[in-house]
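Below: protein-v1.txt (compact mmCIF, C-alpha atoms)
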```txt
# COMPACT_ATOMS: atom_id res chain seq x y z
CA MET A 1 91.29 -87.49 35.14
CA ASP A 2 92.70 -86.34 31.81
CA ILE A 3 96.34 -86.78 32.77
CA THR A 4 97.66 -85.45 29.51
CA ARG A 5 95.79 -82.18 29.91
CA LEU A 6 96.90 -81.68 33.51
CA GLU A 7 100.45 -82.74 32.66
CA LYS A 8 100.60 -80.06 29.97
CA GLN A 9 99.31 -77.44 32.37
CA ILE A 10 101.82 -78.42 35.06
CA ALA A 11 104.71 -78.48 32.56
CA PHE A 12 103.82 -74.91 31.53
CA ILE A 13 103.51 -73.80 35.17
CA VAL A 14 106.94 -75.26 35.90
CA LYS A 15 108.49 -73.72 32.77
CA ILE A 16 107.30 -70.19 33.46
CA ASP A 17 109.14 -70.26 36.77
CA GLU A 18 112.03 -69.02 34.61
CA LEU A 19 110.30 -65.62 34.34
CA LYS A 20 111.67 -65.02 37.85
CA GLN A 21 115.14 -64.97 36.32
CA ILE A 22 114.45 -62.62 33.42
CA LEU A 23 115.88 -59.32 34.59
CA ARG A 24 114.51 -55.98 33.52
CA ARG A 25 116.50 -52.77 33.36
CA THR A 26 114.41 -51.37 36.23
CA LEU A 27 115.85 -51.36 39.74
CA LEU A 28 113.94 -52.12 42.92
CA MET A 29 112.79 -49.00 44.76
CA ASP A 30 115.82 -49.19 47.08
CA ALA A 31 118.15 -49.65 44.06
CA SER A 32 119.60 -52.82 45.62
CA ARG A 33 119.19 -54.92 42.48
CA ARG A 34 117.35 -55.21 39.19
CA GLU A 35 113.75 -56.30 39.13
CA ASN A 36 112.63 -59.44 37.31
CA ASP A 37 109.61 -59.99 35.09
CA ALA A 38 107.62 -62.02 37.63
CA GLU A 39 107.98 -59.29 40.25
CA HIS A 40 107.06 -56.63 37.70
CA SER A 41 103.97 -58.56 36.59
CA TRP A 42 102.79 -58.86 40.18
CA HIS A 43 103.34 -55.17 40.90
CA PHE A 44 101.62 -54.12 37.66
CA ALA A 45 98.60 -56.29 38.54
CA VAL A 46 98.26 -54.85 42.06
CA MET A 47 98.49 -51.33 40.60
CA ALA A 48 95.74 -52.22 38.12
CA MET A 49 93.52 -53.24 41.06
CA LEU A 50 94.18 -50.05 43.02
CA LEU A 51 94.06 -47.44 40.26
CA GLU A 52 91.04 -48.63 38.28
CA GLU A 53 89.04 -45.57 39.33
CA TYR A 54 91.27 -43.37 37.16
CA SER A 55 90.52 -45.22 33.93
CA ALA A 56 88.79 -42.91 31.43
CA LYS A 57 86.77 -45.84 30.07
CA PRO A 58 85.01 -48.64 31.95
CA ILE A 59 87.29 -51.66 31.98
CA ASN A 60 86.97 -55.36 32.69
CA ILE A 61 89.38 -55.75 35.61
CA THR A 62 89.49 -59.55 35.34
CA HIS A 63 90.68 -59.24 31.78
CA VAL A 64 93.24 -56.58 32.75
CA LEU A 65 94.61 -58.71 35.60
CA GLU A 66 94.89 -61.71 33.28
CA MET A 67 96.81 -59.59 30.76
CA ALA A 68 99.09 -58.27 33.49
CA LEU A 69 99.88 -61.77 34.70
CA VAL A 70 100.81 -63.19 31.29
CA HIS A 71 102.01 -60.14 29.31
CA ASP A 72 105.72 -60.90 29.79
CA ILE A 73 105.71 -64.71 29.69
CA VAL A 74 107.20 -64.80 26.17
CA GLU A 75 110.32 -63.22 27.67
CA VAL A 76 111.14 -66.60 29.25
CA LEU A 77 112.46 -67.44 25.79
CA ALA A 78 112.73 -64.03 24.07
CA GLY A 79 114.39 -62.11 26.91
CA ASP A 80 113.56 -58.59 28.04
CA THR A 81 113.94 -55.76 25.52
CA TYR A 82 114.78 -52.45 27.16
CA ALA A 83 112.14 -49.83 26.42
CA TYR A 84 114.69 -47.33 25.13
CA ASP A 85 116.74 -49.82 23.07
CA ALA A 86 115.91 -49.13 19.40
CA ALA A 87 118.13 -51.93 18.06
CA GLY A 88 116.58 -54.50 20.39
CA TYR A 89 113.12 -53.51 19.20
CA GLU A 90 113.96 -54.33 15.56
CA ASP A 91 113.77 -58.11 16.00
CA LYS A 92 111.60 -58.06 19.14
CA LEU A 93 108.46 -59.08 17.24
CA LYS A 94 110.07 -62.08 15.54
CA ARG A 95 111.76 -63.29 18.72
CA GLU A 96 108.58 -62.97 20.72
CA GLN A 97 106.36 -64.67 18.13
CA GLU A 98 108.66 -67.69 18.10
CA ALA A 99 108.70 -67.74 21.89
CA ALA A 100 104.89 -67.56 21.98
CA ASP A 101 104.62 -70.51 19.59
CA LYS A 102 106.86 -72.62 21.80
CA LEU A 103 105.60 -71.57 25.22
CA PHE A 104 101.87 -71.29 24.63
CA GLY A 105 102.14 -74.46 22.54
CA MET A 106 102.98 -76.32 25.76
CA LEU A 107 99.43 -75.74 27.03
CA PRO A 108 96.26 -77.59 25.99
CA GLU A 109 95.14 -76.00 22.73
CA ASP A 110 92.21 -74.00 24.16
CA GLN A 111 94.33 -72.52 26.92
CA GLY A 112 97.30 -71.83 24.63
CA ALA A 113 95.00 -69.86 22.33
CA TRP A 114 93.53 -67.99 25.30
CA ILE A 115 96.87 -66.94 26.79
CA ARG A 116 98.16 -66.00 23.36
CA SER A 117 95.09 -63.82 22.73
CA LEU A 118 95.64 -62.04 26.06
CA TRP A 119 99.26 -61.34 25.13
CA GLU A 120 98.36 -60.19 21.62
CA GLU A 121 95.59 -57.94 22.87
CA PHE A 122 97.95 -56.38 25.39
CA ASP A 123 100.66 -55.83 22.80
CA ALA A 124 98.29 -54.25 20.27
CA GLU A 125 97.34 -51.52 22.81
CA GLU A 126 93.99 -51.01 21.10
CA THR A 127 91.16 -52.12 23.37
CA ASP A 128 90.24 -50.06 26.44
CA ASP A 129 91.42 -52.91 28.67
CA ALA A 130 94.78 -53.15 26.87
CA LEU A 131 95.25 -49.40 26.99
CA TYR A 132 94.61 -49.27 30.72
CA ALA A 133 96.94 -52.26 31.20
CA THR A 134 99.63 -50.51 29.14
CA ALA A 135 99.26 -47.41 31.31
CA MET A 136 100.01 -49.53 34.39
CA ASP A 137 102.92 -51.24 32.63
CA ARG A 138 104.44 -47.80 31.94
CA LEU A 139 103.64 -46.12 35.25
CA GLN A 140 105.26 -48.92 37.28
CA PRO A 141 108.84 -48.45 35.98
CA LEU A 142 108.36 -44.65 35.96
CA LEU A 143 107.84 -44.83 39.72
CA HIS A 144 110.91 -47.05 40.07
CA ASN A 145 113.01 -44.64 38.04
CA TYR A 146 111.81 -41.69 40.08
CA TYR A 147 112.43 -43.32 43.44
CA THR A 148 115.89 -44.54 42.41
CA LYS A 149 116.78 -41.00 41.29
CA GLY A 150 116.90 -41.92 37.62
CA LEU A 151 119.80 -44.36 37.91
CA THR A 152 118.78 -46.45 34.90
CA TRP A 153 117.83 -43.36 32.88
CA LYS A 154 121.34 -42.02 33.43
CA GLU A 155 122.90 -45.38 32.60
CA GLY A 156 120.95 -45.51 29.30
CA HIS A 157 121.45 -41.77 28.47
CA VAL A 158 117.67 -41.41 28.28
CA THR A 159 116.24 -37.90 27.77
CA SER A 160 112.93 -36.49 28.99
CA ASP A 161 111.36 -36.28 25.50
CA LYS A 162 111.74 -40.06 25.15
CA VAL A 163 110.19 -40.63 28.57
CA TYR A 164 107.27 -38.28 27.77
CA LYS A 165 106.66 -40.23 24.57
CA ARG A 166 106.87 -43.59 26.33
CA MET A 167 104.37 -42.42 28.97
CA GLN A 168 101.74 -41.16 26.48
CA PRO A 169 99.47 -44.20 26.93
CA ILE A 170 99.00 -43.17 30.57
CA SER A 171 97.35 -39.85 29.62
CA LYS A 172 95.25 -41.59 27.02
CA ALA A 173 93.99 -44.32 29.38
CA ALA A 174 93.78 -42.33 32.59
CA PRO A 175 94.14 -38.54 32.21
CA GLU A 176 94.60 -37.89 35.92
CA LEU A 177 97.41 -40.43 36.13
CA GLY A 178 98.82 -38.83 32.99
CA LYS A 179 99.05 -35.52 34.84
CA PHE A 180 100.75 -37.30 37.70
CA ALA A 181 103.23 -38.94 35.30
CA ASP A 182 103.95 -35.54 33.72
CA PHE A 183 104.66 -34.13 37.16
CA ILE A 184 107.05 -37.02 37.91
CA ILE A 185 108.95 -36.43 34.66
CA LYS A 186 109.12 -32.68 35.16
CA ASP A 187 110.27 -33.11 38.74
CA SER A 188 112.87 -35.67 37.64
CA VAL A 189 114.35 -33.15 35.21
CA GLU A 190 114.36 -30.45 37.90
CA LYS A 191 116.04 -32.75 40.38
CA GLY A 192 118.66 -33.86 37.88
CA TYR A 193 117.44 -37.48 37.66
CA LEU A 194 116.70 -37.12 33.93
CA LYS A 195 118.28 -35.09 31.11
CA LYS A 196 116.12 -32.63 29.21
CA MET B 197 92.21 -34.39 41.17
CA ASP B 198 92.10 -35.58 44.76
CA ILE B 199 95.86 -35.46 45.29
CA THR B 200 95.70 -36.84 48.79
CA ARG B 201 93.88 -39.96 47.63
CA LEU B 202 96.30 -40.61 44.76
CA GLU B 203 99.28 -39.82 46.98
CA LYS B 204 98.14 -42.46 49.46
CA GLN B 205 97.70 -45.01 46.69
CA ILE B 206 101.15 -44.27 45.25
CA ALA B 207 102.79 -44.41 48.69
CA PHE B 208 101.28 -47.87 49.21
CA ILE B 209 102.35 -49.01 45.73
CA VAL B 210 105.91 -47.84 46.46
CA LYS B 211 105.95 -49.45 49.91
CA ILE B 212 104.85 -52.89 48.75
CA ASP B 213 107.86 -53.02 46.44
CA GLU B 214 109.53 -54.45 49.55
CA LEU B 215 107.58 -57.70 49.06
CA LYS B 216 110.18 -58.46 46.37
CA GLN B 217 112.72 -58.77 49.15
CA ILE B 218 110.77 -61.01 51.51
CA LEU B 219 112.27 -64.43 50.94
CA ARG B 220 110.32 -67.64 51.31
CA ARG B 221 111.83 -70.98 52.19
CA THR B 222 110.94 -72.26 48.72
CA LEU B 223 113.66 -72.43 46.08
CA LEU B 224 113.23 -71.57 42.42
CA MET B 225 112.66 -74.62 40.21
CA ASP B 226 116.37 -74.71 39.30
CA ALA B 227 117.33 -74.40 42.99
CA SER B 228 119.54 -71.37 42.20
CA ARG B 229 118.09 -69.19 44.96
CA ARG B 230 115.12 -68.70 47.26
CA GLU B 231 111.88 -67.34 45.88
CA ASN B 232 110.39 -64.10 47.16
CA ASP B 233 106.78 -63.26 48.00
CA ALA B 234 106.13 -61.14 44.90
CA GLU B 235 107.29 -63.92 42.60
CA HIS B 236 105.24 -66.45 44.53
CA SER B 237 102.12 -64.26 44.36
CA TRP B 238 102.49 -63.92 40.60
CA HIS B 239 102.98 -67.66 40.10
CA PHE B 240 100.05 -68.51 42.36
CA ALA B 241 97.80 -66.12 40.39
CA VAL B 242 98.78 -67.60 37.01
CA MET B 243 98.11 -71.09 38.38
CA ALA B 244 94.69 -69.95 39.56
CA MET B 245 93.92 -68.80 36.01
CA LEU B 246 95.04 -72.06 34.42
CA LEU B 247 93.62 -74.60 36.87
CA GLU B 248 90.16 -73.15 37.51
CA GLU B 249 88.50 -76.04 35.67
CA TYR B 250 89.50 -78.39 38.53
CA SER B 251 87.68 -76.43 41.23
CA ALA B 252 84.91 -78.55 42.78
CA LYS B 253 82.77 -75.43 43.28
CA PRO B 254 82.14 -72.54 40.90
CA ILE B 255 84.48 -69.72 41.83
CA ASN B 256 84.77 -66.02 41.11
CA ILE B 257 88.16 -65.88 39.40
CA THR B 258 88.47 -62.08 39.75
CA HIS B 259 88.12 -62.43 43.49
CA VAL B 260 90.61 -65.31 43.58
CA LEU B 261 93.17 -63.34 41.55
CA GLU B 262 92.76 -60.34 43.84
CA MET B 263 93.33 -62.56 46.88
CA ALA B 264 96.40 -64.11 45.25
CA LEU B 265 97.89 -60.71 44.52
CA VAL B 266 97.49 -59.32 48.04
CA HIS B 267 97.56 -62.42 50.29
CA ASP B 268 101.20 -61.97 51.33
CA ILE B 269 101.46 -58.16 51.48
CA VAL B 270 101.41 -58.14 55.30
CA GLU B 271 104.74 -59.98 55.14
CA VAL B 272 106.38 -56.71 54.08
CA LEU B 273 106.31 -55.93 57.80
CA ALA B 274 105.58 -59.31 59.42
CA GLY B 275 108.07 -61.43 57.44
CA ASP B 276 107.48 -64.88 56.02
CA THR B 277 106.61 -67.69 58.44
CA TYR B 278 107.77 -71.08 57.20
CA ALA B 279 104.85 -73.46 56.79
CA TYR B 280 106.48 -76.13 58.93
CA ASP B 281 107.73 -73.79 61.69
CA ALA B 282 105.44 -74.35 64.70
CA ALA B 283 107.17 -71.72 66.88
CA GLY B 284 106.87 -69.06 64.16
CA TYR B 285 103.16 -69.75 63.87
CA GLU B 286 102.55 -68.94 67.54
CA ASP B 287 102.85 -65.17 67.14
CA LYS B 288 102.11 -65.09 63.39
CA LEU B 289 98.58 -63.80 63.90
CA LYS B 290 99.60 -60.91 66.15
CA ARG B 291 102.52 -59.88 63.91
CA GLU B 292 100.36 -59.98 60.82
CA GLN B 293 97.45 -58.07 62.35
CA GLU B 294 99.78 -55.25 63.34
CA ALA B 295 101.33 -55.26 59.88
CA ALA B 296 97.88 -55.14 58.28
CA ASP B 297 96.91 -52.13 60.41
CA LYS B 298 100.00 -50.24 59.31
CA LEU B 299 100.13 -51.24 55.66
CA PHE B 300 96.45 -51.20 54.71
CA GLY B 301 96.12 -48.03 56.78
CA MET B 302 98.33 -46.30 54.20
CA LEU B 303 95.55 -46.61 51.61
CA PRO B 304 92.38 -44.49 51.33
CA GLU B 305 89.93 -45.93 53.86
CA ASP B 306 87.66 -47.72 51.35
CA GLN B 307 90.59 -49.42 49.64
CA GLY B 308 92.34 -50.30 52.89
CA ALA B 309 89.16 -52.04 54.07
CA TRP B 310 88.84 -53.83 50.72
CA ILE B 311 92.42 -55.18 50.66
CA ARG B 312 92.13 -56.17 54.30
CA SER B 313 88.91 -58.07 53.62
CA LEU B 314 90.59 -59.96 50.76
CA TRP B 315 93.47 -60.90 53.04
CA GLU B 316 91.16 -61.93 55.90
CA GLU B 317 88.94 -63.98 53.60
CA PHE B 318 91.99 -65.77 52.19
CA ASP B 319 93.39 -66.48 55.64
CA ALA B 320 90.08 -67.83 56.99
CA GLU B 321 90.00 -70.52 54.24
CA GLU B 322 86.22 -70.74 54.48
CA THR B 323 84.63 -69.43 51.27
CA ASP B 324 84.84 -71.46 48.07
CA ASP B 325 87.04 -68.75 46.54
CA ALA B 326 89.41 -68.76 49.52
CA LEU B 327 89.57 -72.54 49.55
CA TYR B 328 90.48 -72.67 45.86
CA ALA B 329 93.04 -69.89 46.41
CA THR B 330 94.54 -71.82 49.34
CA ALA B 331 94.81 -74.92 47.15
CA MET B 332 96.90 -72.91 44.65
CA ASP B 333 98.99 -71.40 47.45
CA ARG B 334 99.83 -74.94 48.64
CA LEU B 335 100.28 -76.62 45.26
CA GLN B 336 102.78 -73.99 44.08
CA PRO B 337 105.52 -74.72 46.69
CA LEU B 338 104.76 -78.46 46.46
CA LEU B 339 105.80 -78.31 42.80
CA HIS B 340 108.92 -76.35 43.74
CA ASN B 341 109.85 -78.87 46.40
CA TYR B 342 109.32 -81.76 44.00
CA TYR B 343 111.35 -80.23 41.17
CA THR B 344 114.20 -79.30 43.53
CA LYS B 345 114.26 -82.88 44.84
CA GLY B 346 113.02 -81.91 48.28
CA LEU B 347 115.97 -79.71 49.20
CA THR B 348 114.00 -77.49 51.59
CA TRP B 349 112.10 -80.45 53.02
CA LYS B 350 115.41 -82.09 53.89
CA GLU B 351 116.77 -78.85 55.33
CA GLY B 352 113.70 -78.51 57.58
CA HIS B 353 113.52 -82.24 58.47
CA VAL B 354 109.95 -82.31 57.14
CA THR B 355 108.15 -85.67 56.98
CA SER B 356 105.50 -86.84 54.52
CA ASP B 357 102.67 -86.86 57.10
CA LYS B 358 103.17 -83.12 57.62
CA VAL B 359 103.15 -82.49 53.88
CA TYR B 360 99.99 -84.58 53.41
CA LYS B 361 98.31 -82.55 56.15
CA ARG B 362 99.47 -79.23 54.67
CA MET B 363 98.15 -80.25 51.23
CA GLN B 364 94.66 -81.25 52.45
CA PRO B 365 93.01 -78.04 51.18
CA ILE B 366 93.94 -79.10 47.65
CA SER B 367 91.78 -82.26 47.79
CA LYS B 368 88.97 -80.30 49.38
CA ALA B 369 88.97 -77.51 46.76
CA ALA B 370 89.89 -79.54 43.69
CA PRO B 371 89.77 -83.35 44.14
CA GLU B 372 91.62 -84.10 40.89
CA LEU B 373 94.47 -81.78 41.87
CA GLY B 374 94.38 -83.44 45.28
CA LYS B 375 95.05 -86.80 43.62
CA PHE B 376 97.89 -85.21 41.70
CA ALA B 377 99.34 -83.73 44.92
CA ASP B 378 99.11 -87.14 46.60
CA PHE B 379 101.01 -88.66 43.69
CA ILE B 380 103.73 -86.00 44.00
CA ILE B 381 104.13 -86.67 47.73
CA LYS B 382 104.16 -90.45 47.28
CA ASP B 383 106.67 -90.17 44.45
CA SER B 384 108.82 -87.80 46.53
CA VAL B 385 109.00 -90.39 49.31
CA GLU B 386 109.86 -93.13 46.82
CA LYS B 387 112.58 -91.01 45.22
CA GLY B 388 114.07 -90.09 48.59
CA TYR B 389 113.16 -86.38 48.39
CA LEU B 390 110.97 -86.61 51.49
CA LYS B 391 111.13 -88.72 54.67
CA LYS B 392 108.19 -90.96 55.51
```
Take the structure from the file and write it as structure tokens.
Amino acid sequence: MDITRLEKQIAFIVKIDELKQILRRTLLMDASRRENDAEHSWHFAVMAMLLEEYSAKPINITHVLEMALVHDIVEVLAGDTYAYDAAGYEDKLKREQEAADKLFGMLPEDQGAWIRSLWEEFDAEETDDALYATAMDRLQPLLHNYYTKGLTWKEGHVTSDKVYKRMQPISKAAPELGKFADFIIKDSVEKGYLKK
Amino acid sequence: MDITRLEKQIAFIVKIDELKQILRRTLLMDASRRENDAEHSWHFAVMAMLLEEYSAKPINITHVLEMALVHDIVEVLAGDTYAYDAAGYEDKLKREQEAADKLFGMLPEDQGAWIRSLWEEFDAEETDDALYATAMDRLQPLLHNYYTKGLTWKEGHVTSDKVYKRMQPISKAAPELGKFADFIIKDSVEKGYLKK
């Protein structure tokens, strides 16, 4: 047995346990507490399984699930950047690149390169798989915001035009889900969950 | 758009958010709190991605990831049964079957049957995919117990023979990981984390 290889893999597996402590802005559906990145990644992946039929383009679901599972791992070191936080986004790239070097560098070289490529593909939002994955990553917190009556939108003074813009990848990847997302936003404005 | 179909899928996606509140006995690696089922499912799936090379048999990783993501969903209604709780295991099957009927019944029929078949295959531990998935499901809390110095083993008065027995699927599915698990158990006994 190549102990060094397995030891590296186990060290990485132990390290990423910290993703369970990286809190997102999103609240659980019952608003009892904030959601963490590990929970979000799981939910996003299950959604990707169940909503594949709405993808405009054929996708490789294995690849999408793998992206879902690792897309936030850099946040173990870089922290979560709130979607509607312009200042946080300024140094997001630099913080996340450094985190990727450290974290994926813990793995055997072939696997580090593989996980990094999944993360980079997801972040670039260019391939059909990445676009579908991004749609799931956006739809998940939209549902949370809707079912918690826009609590975190209100807290962040978010307006509907920003949410429409943020949700654009959904229409692009899965038009029918895009219509559904539009309905959710419109209904949120009507119900007073979200400012126009 | 078939609204009824999408509505069912969304209702299920919203409902399973509750998995984030089903606590396992396992503690996070830093022992700060108990882990929940959604976090566990995510961690298990990432491990399955990274440790596939150790599987004795060729596996279908897509299928394994899908099993990992849904294997605990019934616990939204049935609750978590501690691995070393003999009394809890007596009515586990009945509780979980009823939960599966209700939860998977929320989905469109084809998808309900699909998710149920994934869950049943995982639970039966018979196919090569299910056996590899089970190995990951066992190795994950073993690591947590080891890195938290056996806190939950001590709490539950668990002895090493029970842990060896519980970890048997690891050796069967991935002999090299089985050797590693044996080392962890042996070392835990030596370090006083686990009673002989």
How many Å lie between CA of Leu27 in chain A and CA of Glu66 in chain A, rounded to one decimal?
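CA of Leu27 in chain A sits 24.3 Å away from CA of Glu66 in chain A.
Selecting chain B residues within 7 Å of chain A and counting all atoms listed in the file yields Met197, Ile209, Asp213, Lys216, Met225, Ala234, Glu235, Ser237, Trp238, Val242, Met243, Thr258, Leu265 and Glu372 of chain B.
Atom pair CA of Thr134 in chain A / CA of Glu75 in chain A has a distance of 16.7 Å (rounded to one decimal).
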Work out how far apart CA of Ala100 in chain A and CA of Ala130 in chain A are and give it in Å to one decimal.
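If I compute the distance from CA of Ala100 in chain A to CA of Ala130 in chain A, I get 18.3 Å.
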For a cut-off of 6 Å around (90.7, -65.7, 47.9), file coordinates, pick out all residues using all atoms listed in the file and list them as a count of residues only.
6
Would you list the contacts of Pro108 in chain A as a ChimeraX atom specification, taking every protein, DNA or RNA residue within 7 Å and counting all atoms listed in the file, but skipping same-chain residues closer than 3 positions in sequence?
/A:5,8,111-112
Fix up range 223-236 of chain B with N, CA, C and O atoms, then write it as a short mmCIF file (atom, residue, chain, number, x, y, z; two decimals), keeping the file's coordinate frame.
```
data_model
loop_
_atom_site.label_atom_id
_atom_site.label_comp_id
_atom_site.auth_asym_id
_atom_site.auth_seq_id
_atom_site.Cartn_x
_atom_site.Cartn_y
_atom_site.Cartn_z
N LEU B 223 112.63 -72.75 47.08
CA LEU B 223 113.66 -72.43 46.08
C LEU B 223 113.02 -72.31 44.70
O LEU B 223 111.98 -72.93 44.43
N LEU B 224 113.65 -71.56 43.82
CA LEU B 224 113.23 -71.57 42.42
C LEU B 224 113.36 -73.00 41.88
O LEU B 224 114.07 -73.82 42.43
N MET B 225 112.69 -73.27 40.78
CA MET B 225 112.66 -74.62 40.21
C MET B 225 114.06 -75.15 39.88
O MET B 225 114.29 -76.35 39.86
N ASP B 226 115.00 -74.24 39.59
CA ASP B 226 116.37 -74.71 39.30
C ASP B 226 117.25 -74.65 40.54
O ASP B 226 118.47 -74.83 40.44
N ALA B 227 116.65 -74.40 41.69
CA ALA B 227 117.33 -74.40 42.99
C ALA B 227 118.43 -73.35 43.11
O ALA B 227 119.24 -73.38 44.04
N SER B 228 118.45 -72.36 42.21
CA SER B 228 119.54 -71.37 42.20
C SER B 228 119.45 -70.37 43.36
O SER B 228 120.46 -69.83 43.79
N ARG B 229 118.24 -70.13 43.83
CA ARG B 229 118.09 -69.19 44.96
C ARG B 229 116.68 -69.34 45.53
O ARG B 229 115.83 -69.99 44.94
N ARG B 230 116.45 -68.68 46.67
CA ARG B 230 115.12 -68.70 47.26
C ARG B 230 114.18 -67.76 46.51
O ARG B 230 114.61 -66.77 45.93
N GLU B 231 112.92 -68.13 46.54
CA GLU B 231 111.88 -67.34 45.88
C GLU B 231 111.40 -66.24 46.83
O GLU B 231 111.45 -66.41 48.04
N ASN B 232 110.95 -65.12 46.28
CA ASN B 232 110.39 -64.10 47.16
C ASN B 232 108.86 -64.05 47.02
O ASN B 232 108.28 -64.67 46.13
N ASP B 233 108.25 -63.29 47.92
CA ASP B 233 106.78 -63.26 48.00
C ASP B 233 106.11 -62.69 46.75
O ASP B 233 105.01 -63.12 46.39
N ALA B 234 106.75 -61.73 46.10
CA ALA B 234 106.13 -61.14 44.90
C ALA B 234 106.11 -62.17 43.78
O ALA B 234 105.09 -62.33 43.08
N GLU B 235 107.21 -62.88 43.62
CA GLU B 235 107.29 -63.92 42.60
C GLU B 235 106.27 -65.03 42.87
O GLU B 235 105.59 -65.51 41.96
N HIS B 236 106.19 -65.42 44.14
CA HIS B 236 105.24 -66.45 44.53
C HIS B 236 103.80 -66.02 44.24
O HIS B 236 102.99 -66.80 43.73
#
```
